[in-house]
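S.K.: Provided below: start-v2.cif, containing mmCIF, C-alpha atoms.
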```
data_structure
loop_
_atom_site.label_atom_id
_atom_site.label_comp_id
_atom_site.auth_asym_id
_atom_site.auth_seq_id
_atom_site.Cartn_x
_atom_site.Cartn_y
_atom_site.Cartn_z
CA MET A 927 83.15 106.98 75.04
CA ILE A 928 86.71 107.55 76.18
CA PRO A 929 89.25 105.86 73.89
CA HIS A 930 90.84 102.65 75.11
CA GLY A 931 94.52 101.84 75.03
CA ARG A 932 96.69 104.52 73.50
CA PRO A 933 94.31 106.74 71.50
CA PRO A 934 95.06 107.53 67.87
CA ARG A 935 96.17 111.10 67.41
CA SER A 936 93.08 112.62 65.86
CA ALA A 937 90.76 115.50 66.61
CA THR A 938 87.81 113.10 66.51
CA THR A 939 89.34 110.94 69.21
CA PHE A 940 90.06 113.97 71.38
CA ALA A 941 86.49 115.27 71.10
CA THR A 942 85.18 111.81 71.93
CA LEU A 943 87.54 111.56 74.88
CA ILE A 944 86.30 114.85 76.35
CA ALA A 945 82.67 113.88 75.89
CA GLY A 946 83.31 110.56 77.60
CA THR A 947 84.38 112.16 80.85
CA LEU A 948 80.82 113.07 81.79
CA LEU A 949 79.02 110.75 84.16
CA ILE A 950 76.74 108.34 82.33
CA ALA A 951 73.79 107.30 84.47
CA SER A 952 72.54 103.89 83.43
CA PRO A 953 70.58 100.88 84.65
CA ALA A 954 73.89 99.09 85.24
CA LEU A 955 75.08 101.87 87.51
CA ALA A 956 71.77 101.79 89.35
CA GLN A 957 72.28 98.28 90.73
CA THR A 958 72.20 98.13 94.52
CA PRO A 959 75.62 96.95 95.78
CA PRO A 960 75.77 93.93 98.09
CA SER A 961 75.57 94.77 101.77
CA THR A 962 78.75 94.78 103.83
CA SER A 963 79.42 92.87 107.04
CA GLU A 964 78.81 94.52 110.38
CA ALA A 965 82.50 94.22 111.26
CA ALA A 966 83.59 95.94 108.04
CA ARG A 967 81.00 98.65 108.43
CA THR A 968 82.02 99.30 112.05
CA LEU A 969 85.68 99.64 111.05
CA HIS A 970 84.80 101.81 108.07
CA GLU A 971 82.92 104.22 110.34
CA ARG A 972 85.88 104.35 112.71
CA LEU A 973 88.33 105.31 109.94
CA LEU A 974 88.84 108.81 108.57
CA VAL A 975 87.62 108.26 105.01
CA LEU A 976 88.65 110.88 102.43
CA ASP A 977 88.56 110.88 98.63
CA THR A 978 91.09 113.05 96.80
CA HIS A 979 89.03 113.85 93.72
CA LEU A 980 85.42 114.96 94.08
CA ASP A 981 84.11 116.70 90.96
CA THR A 982 80.87 117.51 92.80
CA PRO A 983 81.42 121.30 92.53
CA ALA A 984 80.08 120.91 88.99
CA ASN A 985 76.74 120.15 90.66
CA LEU A 986 77.11 122.79 93.38
CA VAL A 987 76.87 125.54 90.75
CA LYS A 988 73.72 124.13 89.14
CA PRO A 989 70.61 126.23 89.85
CA GLY A 990 68.33 124.48 92.31
CA TRP A 991 70.73 121.64 93.13
CA SER A 992 71.34 121.18 96.86
CA ILE A 993 74.07 119.09 98.50
CA LEU A 994 71.68 118.45 101.41
CA ASP A 995 69.13 116.61 99.27
CA ARG A 996 69.47 112.94 98.45
CA HIS A 997 70.01 112.57 94.71
CA SER A 998 70.50 109.57 92.47
CA ALA A 999 72.98 108.54 89.79
CA VAL A 1000 69.99 107.42 87.76
CA GLU A 1001 67.73 110.42 88.33
CA ASP A 1002 70.19 113.29 87.92
CA GLY A 1003 73.56 111.65 87.33
CA SER A 1004 75.06 112.75 90.66
CA GLN A 1005 77.08 110.52 92.96
CA VAL A 1006 77.87 112.66 96.00
CA ASP A 1007 75.54 114.47 98.38
CA TYR A 1008 75.36 114.84 102.14
CA PRO A 1009 72.91 111.93 102.78
CA ARG A 1010 74.96 109.52 100.68
CA MET A 1011 78.22 110.70 102.26
CA VAL A 1012 76.76 109.80 105.64
CA GLU A 1013 75.45 106.48 104.36
CA GLY A 1014 78.79 105.57 102.77
CA GLY A 1015 80.92 106.78 105.65
CA LEU A 1016 82.69 109.33 103.44
CA ASP A 1017 84.09 111.96 105.79
CA GLY A 1018 84.95 114.30 102.93
CA GLY A 1019 87.92 114.96 100.71
CA TRP A 1020 89.31 117.30 98.11
CA TRP A 1021 86.60 119.14 96.18
CA ALA A 1022 87.88 120.06 92.73
CA VAL A 1023 87.92 123.47 91.09
CA TYR A 1024 87.79 122.15 87.52
CA SER A 1025 88.25 124.27 84.42
CA ALA A 1026 87.88 122.77 80.96
CA GLN A 1027 90.82 123.36 78.65
CA GLY A 1028 90.11 126.17 76.19
CA PRO A 1029 92.08 128.15 73.63
CA LEU A 1030 95.51 129.40 74.68
CA THR A 1031 94.54 133.05 74.57
CA PRO A 1032 94.35 135.71 77.29
CA GLU A 1033 90.62 136.13 76.67
CA ALA A 1034 89.92 132.42 77.07
CA THR A 1035 91.99 132.06 80.21
CA ALA A 1036 90.26 135.10 81.70
CA ALA A 1037 86.88 133.48 81.04
CA SER A 1038 88.16 130.26 82.59
CA LEU A 1039 89.36 132.17 85.64
CA ALA A 1040 85.81 133.43 86.20
CA VAL A 1041 84.56 129.82 86.11
CA ALA A 1042 87.24 128.76 88.60
CA GLN A 1043 86.37 131.64 90.92
CA ALA A 1044 82.70 130.60 90.87
CA ARG A 1045 83.66 126.99 91.65
CA ILE A 1046 85.86 127.84 94.61
CA ALA A 1047 83.17 130.16 95.97
CA ALA A 1048 80.65 127.29 95.74
CA ILE A 1049 83.03 124.95 97.57
CA ARG A 1050 83.70 127.43 100.36
CA ALA A 1051 79.93 127.98 100.68
CA LEU A 1052 79.56 124.35 101.80
CA ALA A 1053 81.09 125.34 105.13
CA THR A 1054 79.68 128.86 105.40
CA ASP A 1055 76.12 127.92 104.42
CA HIS A 1056 76.02 124.60 106.30
CA PRO A 1057 78.48 124.98 109.21
CA ASP A 1058 76.84 122.15 111.13
CA LYS A 1059 77.50 119.69 108.29
CA PHE A 1060 80.70 120.82 106.55
CA GLY A 1061 84.00 122.28 107.69
CA LEU A 1062 86.65 123.97 105.54
CA ALA A 1063 90.07 122.35 106.08
CA GLN A 1064 93.20 124.34 105.27
CA ARG A 1065 95.80 122.22 107.06
CA ALA A 1066 96.30 118.47 107.27
CA ALA A 1067 95.63 118.65 111.01
CA ASP A 1068 92.17 120.13 110.41
CA ALA A 1069 90.66 116.98 108.94
CA ALA A 1070 90.37 114.75 112.01
CA PRO A 1071 88.77 117.37 114.30
CA ILE A 1072 86.22 118.30 111.63
CA ALA A 1073 85.27 114.65 111.14
CA ALA A 1074 85.19 114.05 114.90
CA SER A 1075 82.64 116.86 115.21
CA GLY A 1076 80.33 114.99 112.84
CA ARG A 1077 80.92 117.31 109.90
CA ARG A 1078 82.26 116.52 106.42
CA VAL A 1079 85.78 117.66 105.53
CA VAL A 1080 86.19 120.21 102.72
CA PHE A 1081 89.68 120.47 101.28
CA ILE A 1082 90.00 122.36 97.99
CA SER A 1083 91.96 121.19 94.94
CA MET A 1084 92.31 122.50 91.39
CA GLU A 1085 92.12 120.26 88.33
CA ASN A 1086 93.90 122.06 85.49
CA ALA A 1087 95.72 125.29 86.36
CA TYR A 1088 94.94 126.67 82.90
CA PRO A 1089 92.89 129.62 84.30
CA LEU A 1090 95.88 130.69 86.42
CA THR A 1091 98.32 130.79 83.49
CA GLY A 1092 100.50 133.88 83.77
CA ARG A 1093 98.78 134.95 86.98
CA PRO A 1094 101.01 134.23 89.99
CA ASP A 1095 98.87 136.67 91.97
CA GLN A 1096 95.86 134.42 91.36
CA VAL A 1097 97.77 131.33 92.50
CA GLN A 1098 98.30 133.19 95.76
CA ALA A 1099 94.67 134.37 95.81
CA PHE A 1100 93.34 130.83 95.40
CA TYR A 1101 95.71 129.58 98.09
CA ASP A 1102 94.39 132.30 100.40
CA GLN A 1103 90.88 130.94 99.77
CA GLY A 1104 91.93 127.42 100.73
CA LEU A 1105 93.46 125.80 97.64
CA ARG A 1106 95.84 123.09 98.82
CA MET A 1107 96.30 120.77 95.83
CA ILE A 1108 96.90 121.77 92.22
CA SER A 1109 97.33 120.01 88.87
CA LEU A 1110 98.82 121.85 85.93
CA VAL A 1111 97.08 120.20 82.98
CA HIS A 1112 94.03 118.20 81.91
CA PHE A 1113 93.09 116.53 78.61
CA ALA A 1114 95.10 118.87 76.34
CA ASN A 1115 98.48 120.53 76.43
CA ASN A 1116 98.42 124.06 77.78
CA GLU A 1117 100.94 126.80 78.50
CA LEU A 1118 102.13 124.99 81.61
CA ALA A 1119 102.62 121.33 80.73
CA ASP A 1120 101.92 118.45 78.37
CA SER A 1121 98.86 116.26 78.81
CA ALA A 1122 98.89 112.47 78.68
CA THR A 1123 96.07 112.55 76.12
CA ASP A 1124 96.58 115.47 73.73
CA PRO A 1125 96.02 114.25 70.13
CA ALA A 1126 98.84 116.51 68.93
CA GLY A 1127 101.44 114.80 71.08
CA PRO A 1128 103.91 116.63 73.33
CA ARG A 1129 104.43 120.36 73.02
CA TRP A 1130 106.94 120.97 75.81
CA HIS A 1131 108.21 117.43 76.40
CA GLY A 1132 107.26 117.93 80.00
CA LEU A 1133 106.84 121.19 81.89
CA SER A 1134 107.08 124.55 80.19
CA PRO A 1135 109.16 127.28 81.85
CA ALA A 1136 105.88 128.74 83.14
CA GLY A 1137 104.89 125.33 84.47
CA ARG A 1138 108.16 125.02 86.39
CA ARG A 1139 107.59 128.45 87.89
CA MET A 1140 104.06 127.53 88.95
CA ALA A 1141 105.22 124.24 90.48
CA ALA A 1142 107.87 126.13 92.44
CA GLN A 1143 105.26 128.64 93.59
CA ALA A 1144 103.00 125.79 94.71
CA ASN A 1145 105.92 124.40 96.73
CA ARG A 1146 106.60 127.77 98.32
CA LEU A 1147 102.95 128.18 99.31
CA GLY A 1148 102.57 124.66 100.70
CA MET A 1149 100.34 123.06 98.08
CA VAL A 1150 100.52 119.43 97.00
CA ILE A 1151 101.25 119.06 93.26
CA ASP A 1152 98.97 116.63 91.40
CA ALA A 1153 100.28 114.83 88.29
CA SER A 1154 97.05 113.10 87.24
CA HIS A 1155 96.34 113.80 83.54
CA ALA A 1156 99.96 114.89 82.98
CA SER A 1157 102.30 113.18 80.52
CA ASP A 1158 105.01 110.78 81.61
CA ASP A 1159 107.61 113.48 80.99
CA VAL A 1160 105.76 115.88 83.29
CA PHE A 1161 105.56 113.17 85.94
CA ASP A 1162 109.30 112.52 85.66
CA GLN A 1163 110.14 116.21 85.91
CA LEU A 1164 107.84 116.81 88.87
CA ILE A 1165 109.46 113.91 90.71
CA ALA A 1166 112.82 115.55 90.03
CA TYR A 1167 111.94 119.20 90.61
CA SER A 1168 109.22 119.30 93.29
CA ALA A 1169 110.54 120.09 96.73
CA THR A 1170 107.89 117.83 98.28
CA PRO A 1171 106.35 114.49 97.20
CA ILE A 1172 103.66 114.62 94.51
CA ILE A 1173 100.28 112.93 94.25
CA LEU A 1174 98.30 111.30 91.47
CA SER A 1175 94.88 112.28 92.77
CA HIS A 1176 92.87 110.00 90.45
CA SER A 1177 94.90 107.61 88.33
CA GLY A 1178 95.58 103.90 87.92
CA PRO A 1179 98.28 101.33 87.07
CA ARG A 1180 99.10 100.97 83.38
CA ASP A 1181 100.28 97.40 83.88
CA VAL A 1182 96.68 96.43 84.62
CA TYR A 1183 95.24 98.42 81.71
CA ASP A 1184 97.41 100.16 79.13
CA HIS A 1185 95.95 103.64 78.92
CA PRO A 1186 98.05 106.83 78.82
CA ARG A 1187 96.09 108.22 81.79
CA ASN A 1188 97.55 105.39 83.88
CA ILE A 1189 101.10 105.01 85.23
CA ASP A 1190 103.53 102.17 84.56
CA ASP A 1191 104.98 100.07 87.37
CA ALA A 1192 108.49 101.52 87.08
CA ARG A 1193 107.14 105.02 87.65
CA LEU A 1194 104.81 103.74 90.35
CA ARG A 1195 107.85 102.42 92.22
CA ARG A 1196 109.66 105.72 91.73
CA LEU A 1197 106.62 107.56 93.05
CA ALA A 1198 106.63 105.44 96.20
CA ALA A 1199 110.40 105.77 96.63
CA SER A 1200 110.06 109.56 96.48
CA GLY A 1201 107.35 109.51 99.15
CA GLY A 1202 104.48 110.19 96.76
CA VAL A 1203 101.01 108.65 96.58
CA ILE A 1204 98.70 107.32 93.86
CA GLN A 1205 94.95 107.54 94.46
CA ILE A 1206 93.07 104.93 92.42
CA ASN A 1207 90.25 106.15 90.19
CA ALA A 1208 87.03 104.34 89.31
CA LEU A 1209 86.43 105.69 85.81
CA GLY A 1210 85.58 102.62 83.75
CA ALA A 1211 87.35 103.57 80.54
CA TYR A 1212 90.64 103.76 82.46
CA LEU A 1213 90.06 100.39 84.13
CA LYS A 1214 89.51 98.10 81.13
CA ALA A 1215 88.80 98.04 77.42
CA LEU A 1216 85.15 98.87 76.81
CA PRO A 1217 83.54 98.28 73.43
CA GLU A 1218 82.98 101.29 71.25
CA THR A 1219 79.33 102.12 70.47
CA PRO A 1220 79.24 104.74 67.70
CA GLU A 1221 75.44 105.02 67.84
CA ARG A 1222 75.53 105.84 71.53
CA THR A 1223 78.37 108.32 71.09
CA ALA A 1224 76.45 110.13 68.35
CA ALA A 1225 73.21 110.14 70.35
CA LEU A 1226 74.98 111.52 73.44
CA ALA A 1227 76.67 114.25 71.42
CA ALA A 1228 73.34 115.30 69.93
CA LEU A 1229 71.66 115.31 73.34
CA ARG A 1230 74.38 117.47 74.89
CA GLN A 1231 74.32 119.86 71.98
CA GLU A 1232 70.57 120.24 72.35
CA PHE A 1233 70.63 120.95 76.09
CA GLY A 1234 73.97 122.75 76.40
CA PRO A 1235 76.41 122.60 79.32
CA ALA A 1236 75.00 121.36 82.63
CA PRO A 1237 75.81 124.48 84.71
CA ALA A 1238 73.75 126.62 82.34
CA ARG A 1239 70.61 124.46 82.50
CA THR A 1240 67.62 125.34 84.62
CA PRO A 1241 66.36 122.66 87.02
CA GLU A 1242 63.55 121.94 84.57
CA GLN A 1243 65.96 121.60 81.66
CA ASN A 1244 68.21 119.31 83.67
CA ALA A 1245 65.25 117.11 84.62
CA ALA A 1246 64.29 116.89 80.96
CA TYR A 1247 67.87 116.06 80.04
CA GLN A 1248 67.99 113.22 82.59
CA THR A 1249 64.69 111.81 81.30
CA ARG A 1250 66.04 111.79 77.75
CA LEU A 1251 69.35 110.31 78.95
CA ARG A 1252 67.56 107.42 80.67
CA ALA A 1253 65.69 106.68 77.45
CA LEU A 1254 68.96 106.81 75.52
CA ASN A 1255 70.52 104.39 78.00
CA GLN A 1256 67.67 101.98 77.41
CA GLN A 1257 68.13 102.17 73.64
CA HIS A 1258 71.94 102.17 73.66
CA PRO A 1259 73.12 100.69 76.99
CA PRO A 1260 76.65 101.75 77.93
CA ALA A 1261 79.37 99.24 78.54
CA GLN A 1262 80.56 99.44 82.14
CA ALA A 1263 83.48 98.34 84.24
CA ASP A 1264 82.54 96.71 87.53
CA PHE A 1265 83.68 96.65 91.13
CA GLU A 1266 86.15 93.83 90.52
CA ASP A 1267 87.84 95.86 87.77
CA PHE A 1268 88.34 98.72 90.22
CA ILE A 1269 89.62 96.33 92.89
CA ALA A 1270 92.12 94.82 90.43
CA HIS A 1271 93.68 98.28 89.95
CA LEU A 1272 93.68 99.00 93.67
CA LEU A 1273 95.27 95.66 94.62
CA HIS A 1274 97.93 95.94 91.93
CA ALA A 1275 98.94 99.42 93.06
CA LEU A 1276 99.08 98.20 96.66
CA ALA A 1277 101.28 95.26 95.69
CA VAL A 1278 103.70 97.46 93.73
CA ALA A 1279 103.82 100.65 95.83
CA GLY A 1280 102.72 99.42 99.25
CA PRO A 1281 99.84 100.59 101.44
CA ARG A 1282 101.68 103.76 102.53
CA HIS A 1283 101.66 105.08 98.96
CA VAL A 1284 98.13 104.25 97.72
CA GLY A 1285 94.71 105.75 98.33
CA ILE A 1286 91.33 106.37 96.70
CA GLY A 1287 90.40 109.16 94.29
CA ALA A 1288 87.43 107.68 92.45
CA ASP A 1289 86.59 110.71 90.26
CA TRP A 1290 83.06 110.95 91.64
CA ASP A 1291 80.77 113.21 89.60
CA GLY A 1292 83.49 113.42 86.96
CA GLY A 1293 82.98 110.08 85.23
CA GLY A 1294 83.92 107.69 88.04
CA GLY A 1295 81.76 104.91 89.36
CA VAL A 1296 81.40 101.27 88.33
CA SER A 1297 78.71 98.64 88.44
CA GLY A 1298 78.48 97.64 92.10
CA MET A 1299 79.93 100.95 93.29
CA ASN A 1300 77.98 103.64 91.50
CA ASP A 1301 78.05 106.32 94.21
CA VAL A 1302 79.70 107.06 97.54
CA SER A 1303 77.13 105.10 99.54
CA ALA A 1304 78.94 101.92 98.40
CA LEU A 1305 82.37 102.83 99.82
CA PRO A 1306 82.22 100.35 102.75
CA ARG A 1307 82.58 97.62 100.11
CA VAL A 1308 86.16 98.75 99.55
CA THR A 1309 87.00 98.46 103.24
CA GLU A 1310 85.40 95.03 103.42
CA ARG A 1311 87.34 93.78 100.40
CA LEU A 1312 90.70 95.10 101.63
CA LEU A 1313 90.12 93.41 104.99
CA ALA A 1314 89.40 90.15 103.17
CA GLU A 1315 92.66 90.59 101.25
CA GLY A 1316 94.57 90.73 104.53
CA TYR A 1317 95.19 94.45 104.93
CA SER A 1318 95.26 95.70 108.51
CA GLU A 1319 93.37 98.53 110.16
CA ASP A 1320 96.57 100.59 110.07
CA ASP A 1321 96.87 99.91 106.33
CA LEU A 1322 93.27 100.95 105.79
CA ALA A 1323 93.77 104.14 107.79
CA ALA A 1324 96.71 105.00 105.53
CA ILE A 1325 94.86 104.16 102.33
CA TRP A 1326 91.70 106.06 103.25
CA SER A 1327 93.32 109.28 104.41
CA SER A 1328 96.65 109.43 106.19
CA ASN A 1329 98.77 108.97 103.06
CA ALA A 1330 97.24 112.01 101.38
CA LEU A 1331 97.30 113.99 104.61
CA ARG A 1332 100.98 113.16 105.06
CA LEU A 1333 101.74 114.76 101.69
CA LEU A 1334 99.86 117.90 102.66
CA LYS A 1335 101.71 118.06 105.98
CA GLN A 1336 105.04 117.75 104.16
CA ALA A 1337 104.03 120.56 101.81
CA GLU A 1338 103.04 122.71 104.79
CA ASP A 1339 106.30 122.00 106.58
CA TYR A 1340 108.38 122.86 103.53
CA ALA A 1341 106.57 126.16 103.05
CA ALA A 1342 107.03 126.97 106.74
CA SER A 1343 110.75 126.23 106.50
CA LEU A 1344 111.15 129.01 103.93
CA LYS A 1345 109.78 131.68 106.25
#
```
For this file, produce the structure as structure tokens.

M.R.:
Amino acid sequence: MIPHGRPPRSATTFATLIAGTLLIASPALAQTPPSTSEAARTLHERLLVLDTHLDTPANLVKPGWSILDRHSAVEDGSQVDYPRMVEGGLDGGWWAVYSAQGPLTPEATAASLAVAQARIAAIRALATDHPDKFGLAQRAADAAPIAASGRRVVFISMENAYPLTGRPDQVQAFYDQGLRMISLVHFANNELADSATDPAGPRWHGLSPAGRRMAAQANRLGMVIDASHASDDVFDQLIAYSATPIILSHSGPRDVYDHPRNIDDARLRRLAASGGVIQINALGAYLKALPETPERTAALAALRQEFGPAPARTPEQNAAYQTRLRALNQQHPPAQADFEDFIAHLLHALAVAGPRHVGIGADWDGGGGVSGMNDVSALPRVTERLLAEGYSEDDLAAIWSSNALRLLKQAEDYAASLK
């Protein structure tokens, strides 16, 4: 389980935190969300609905797993596939090239680069293998025409630039393959920046010299810089140094729940004043305090050790893992945040930053999902609730996509101005 509040600085906490990021399928998550009104559903379908943090590429690289099949958060732990995107009116979003933080050695970063290359290849294959259902977007202006054609939008982002450390040629190479959003750090400090959650505390007190160079290169290329997972010092420095507004692709307000992965209201106001955007996540441990269950944590760790990392499992092994996980959930049910907890974060961010600086990045397939909104099929609930809270169709259009697209357009324009 991910630690709650400010985690104690210990290796045990850090290991627990990493383990807690994996999606936990459970009976609570399996509940069918209430149906939405016809008016809300009609509006939702009319909007361009994008999510800025889809960790689904972790499933794309699994042997035998197909995005075209309908899956289940209970059966295989997944939350995004083509049938559920259609059902939930999700037009697409930013599909993440995620690399776990490893040792700060050339050998480890080279191995991580190979993982990142496989992930971006799998993302690009969505459009090349299924051109009638997915379209690769490389500019902000690409999104609307792709969605209008009935296809799902595929932007590419990178969560943790660790595999690109010391490789400016690879930053360019990933950009050439479609990378348009990049974060420098994840759960632990690396050679680029400090993390919000490293047990050792700050190493650089913000960006390292290499991190500043990479941020500048991202600006020159026309990529949006993502400060989710970064420390407060990194956030402050990116606000100061980035030539274009930054994004928090999957974060939340700290004044609702005090967790270092979240952002305080003063910084949230500064983000909005600078033109930036926060995309609200739906990972329960960042939404509210959840009770610790040591027995469950130990049982999960043993199960994962027995079966190994998900990408390396065969379809048969993954099915066996999910069967064992369901039994574990029955014996040690996980505590869960619910839809109202997610809405509390979303409404607070909207009140503080305004609807032109807030969006949705739920962290699907990376730990996101709450009771009442356990996969993307439930997204119309968000539209319905925001309408009930008095937000207009223009507000909803901004929240669901145009805020994030504006940042990408500004990054594109800045890069073009340098040529």

S.K.: For CA of Pro1125 in chain A and CA of Gly1293 in chain A, determine how far apart the two atoms are, in Å to one decimal place.

M.R.: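 Computing it gives 20.4 Å between the two atoms.
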
S.K.: If you measure from CA of Ser1175 in chain A to CA of Ile1204 in chain A, what distance in Å do you get, rounded to one decimal?

M.R.: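 Separating CA of Ser1175 in chain A from CA of Ile1204 in chain A is a distance of 6.4 Å.
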
S.K.: Quick check on the file I pasted: which residues fall under the PyMOL selection byres ((chain A and resi 1152-1164) around 7)? Write them as a count of residues only.

M.R.: 26

S.K.: Please evaluate the PyMOL selection byres ((chain A and resi 991) around 12) against the displayed coordinates and give the resulting residues as a JSON list (two decimals) with C-alpha atoms, in the frame of the given file.

M.R.:
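Saved as result.json:
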```json
[["chain", "number", "residue", "atom", "x", "y", "z"],
["A", 982, "THR", "CA", 80.87, 117.51, 92.80],
["A", 983, "PRO", "CA", 81.42, 121.30, 92.53],
["A", 984, "ALA", "CA", 80.08, 120.91, 88.99],
["A", 985, "ASN", "CA", 76.74, 120.15, 90.66],
["A", 986, "LEU", "CA", 77.11, 122.79, 93.38],
["A", 987, "VAL", "CA", 76.87, 125.54, 90.75],
["A", 988, "LYS", "CA", 73.72, 124.13, 89.14],
["A", 989, "PRO", "CA", 70.61, 126.23, 89.85],
["A", 990, "GLY", "CA", 68.33, 124.48, 92.31],
["A", 992, "SER", "CA", 71.34, 121.18, 96.86],
["A", 993, "ILE", "CA", 74.07, 119.09, 98.50],
["A", 994, "LEU", "CA", 71.68, 118.45, 101.41],
["A", 995, "ASP", "CA", 69.13, 116.61, 99.27],
["A", 996, "ARG", "CA", 69.47, 112.94, 98.45],
["A", 997, "HIS", "CA", 70.01, 112.57, 94.71],
["A", 1002, "ASP", "CA", 70.19, 113.29, 87.92],
["A", 1003, "GLY", "CA", 73.56, 111.65, 87.33],
["A", 1004, "SER", "CA", 75.06, 112.75, 90.66],
["A", 1006, "VAL", "CA", 77.87, 112.66, 96.00],
["A", 1007, "ASP", "CA", 75.54, 114.47, 98.38],
["A", 1048, "ALA", "CA", 80.65, 127.29, 95.74],
["A", 1236, "ALA", "CA", 75.00, 121.36, 82.63],
["A", 1237, "PRO", "CA", 75.81, 124.48, 84.71],
["A", 1239, "ARG", "CA", 70.61, 124.46, 82.50],
["A", 1240, "THR", "CA", 67.62, 125.34, 84.62],
["A", 1241, "PRO", "CA", 66.36, 122.66, 87.02],
["A", 1242, "GLU", "CA", 63.55, 121.94, 84.57],
["A", 1244, "ASN", "CA", 68.21, 119.31, 83.67],
["A", 1245, "ALA", "CA", 65.25, 117.11, 84.62]]
```

S.K.: With all atoms listed in the file as the basis for distance, which of A:Val1023, A:Leu1147, A:Leu1105, A:Met1299 is at the shortest distance from Lys1345 in chain A?

M.R.: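 Closest candidate: A:Leu1147.
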
S.K.: Nearest to Thr978 in chain A among A:Ala1126, A:Ala1037, A:Ile1325, A:Ala1042, with distances taken over only C-alpha atoms: which residue is it?

M.R.: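 Smallest distance to Thr978 in chain A is found for A:Ile1325.
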
S.K.: For a test of reading the model, state the distance in Å between CA of Thr1091 in chain A and CA of Trp1130 in chain A, rounded to one decimal.

M.R.: 15.2 Å

S.K.: Could you check which of A:Asn1188, A:Thr1249, A:Ser1303, A:Asn1116 is closest to Pro1029 in chain A, using all atoms listed in the file?

M.R.: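 Smallest separation from Pro1029 in chain A among the options: A:Asn1116.
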
S.K.: Could you list, with a cut-off of 12 Å and counting all atoms listed in the file, the residues of range 1199-1258 of chain A near range 1308-1324 of chain A, each shown with its nearest atom pair and the distance in Å rounded to one decimal, rows sorted by chain and ascending number, as a tab-separated table?

M.R.:
```
residue	atom	partner	partner_atom	distance
A:Val1203	CA	A:Ala1324	CA	10.6
A:Gln1205	CA	A:Ala1324	CA	11.5
A:Ile1206	CA	A:Val1308	CA	11.7
A:Ala1208	CA	A:Val1308	CA	11.7
```

S.K.: Please determine, counting all atoms listed in the file, which residue among A:Gln1256, A:Arg1146, A:Leu1052, A:Thr1223 has the shortest atom-to-atom distance to Arg1078 in chain A.

M.R.: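 Checking each candidate against Arg1078 in chain A, we get A:Leu1052 as the closest.
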
S.K.: Between A:Asp1181, A:Asp1291, A:Asp1301, A:Glu1221, which residue has the minimum interatomic distance to Tyr1024 in chain A, considering all atoms listed in the file?

M.R.: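 Selected residue with least distance to Tyr1024 in chain A: A:Asp1291.
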
S.K.: Using all atoms listed in the file, which of the listed residues (A:Leu1254, A:Ala1053, A:Leu1090, A:Ala1044) sits closest to Pro1032 in chain A?

M.R.: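 Between A:Leu1254, A:Ala1053, A:Leu1090, A:Ala1044, the residue approaching Pro1032 in chain A most closely is A:Leu1090.
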
S.K.: As number ranges by chain, please: the residues near Thr1035 in chain A (cut-off 12 Å, all atoms listed in the file, same-chain neighbours under 2 positions excluded).

M.R.: A: 1025-1033, 1037-1042, 1086-1093, 1116-1117

S.K.: Hey, could you pull the box centre and edge lengths for range 1310-1323 of chain A, axis-aligned, 4 Å padding per side, all listed atoms, to one decimal in Å, as lines of an AutoDock Vina configuration file?

M.R.:
```
center_x = 91.1
center_y = 97.1
center_z = 105.3
size_x = 19.5
size_y = 22.0
size_z = 17.8
```

S.K.: Enumerate, as a ChimeraX atom specification, the residues matched when the PyMOL selection byres ((chain A and resi 970) around 10) is run on the file above.

M.R.: /A:964-969,971-975,1014-1016,1305-1310,1319,1322-1323,1326

S.K.: May I have the residues from that selection written out with C-alpha atoms, as a CSV table (one decimal), in the coordinates of the input?

M.R.:
```csv
chain,number,residue,atom,x,y,z
A,964,GLU,CA,78.8,94.5,110.4
A,965,ALA,CA,82.5,94.2,111.3
A,966,ALA,CA,83.6,95.9,108.0
A,967,ARG,CA,81.0,98.6,108.4
A,968,THR,CA,82.0,99.3,112.0
A,969,LEU,CA,85.7,99.6,111.0
A,971,GLU,CA,82.9,104.2,110.3
A,972,ARG,CA,85.9,104.4,112.7
A,973,LEU,CA,88.3,105.3,109.9
A,974,LEU,CA,88.8,108.8,108.6
A,975,VAL,CA,87.6,108.3,105.0
A,1014,GLY,CA,78.8,105.6,102.8
A,1015,GLY,CA,80.9,106.8,105.6
A,1016,LEU,CA,82.7,109.3,103.4
A,1305,LEU,CA,82.4,102.8,99.8
A,1306,PRO,CA,82.2,100.4,102.8
A,1307,ARG,CA,82.6,97.6,100.1
A,1308,VAL,CA,86.2,98.8,99.6
A,1309,THR,CA,87.0,98.5,103.2
A,1310,GLU,CA,85.4,95.0,103.4
A,1319,GLU,CA,93.4,98.5,110.2
A,1322,LEU,CA,93.3,101.0,105.8
A,1323,ALA,CA,93.8,104.1,107.8
A,1326,TRP,CA,91.7,106.1,103.2
```

S.K.: May I have the residues within 10 Å of Gln1143 in chain A as number ranges by chain, using all atoms listed in the file and disregarding those fewer than 4 positions away in the same chain?

M.R.: A: 1094, 1097-1098, 1137-1139, 1147-1149, 1341
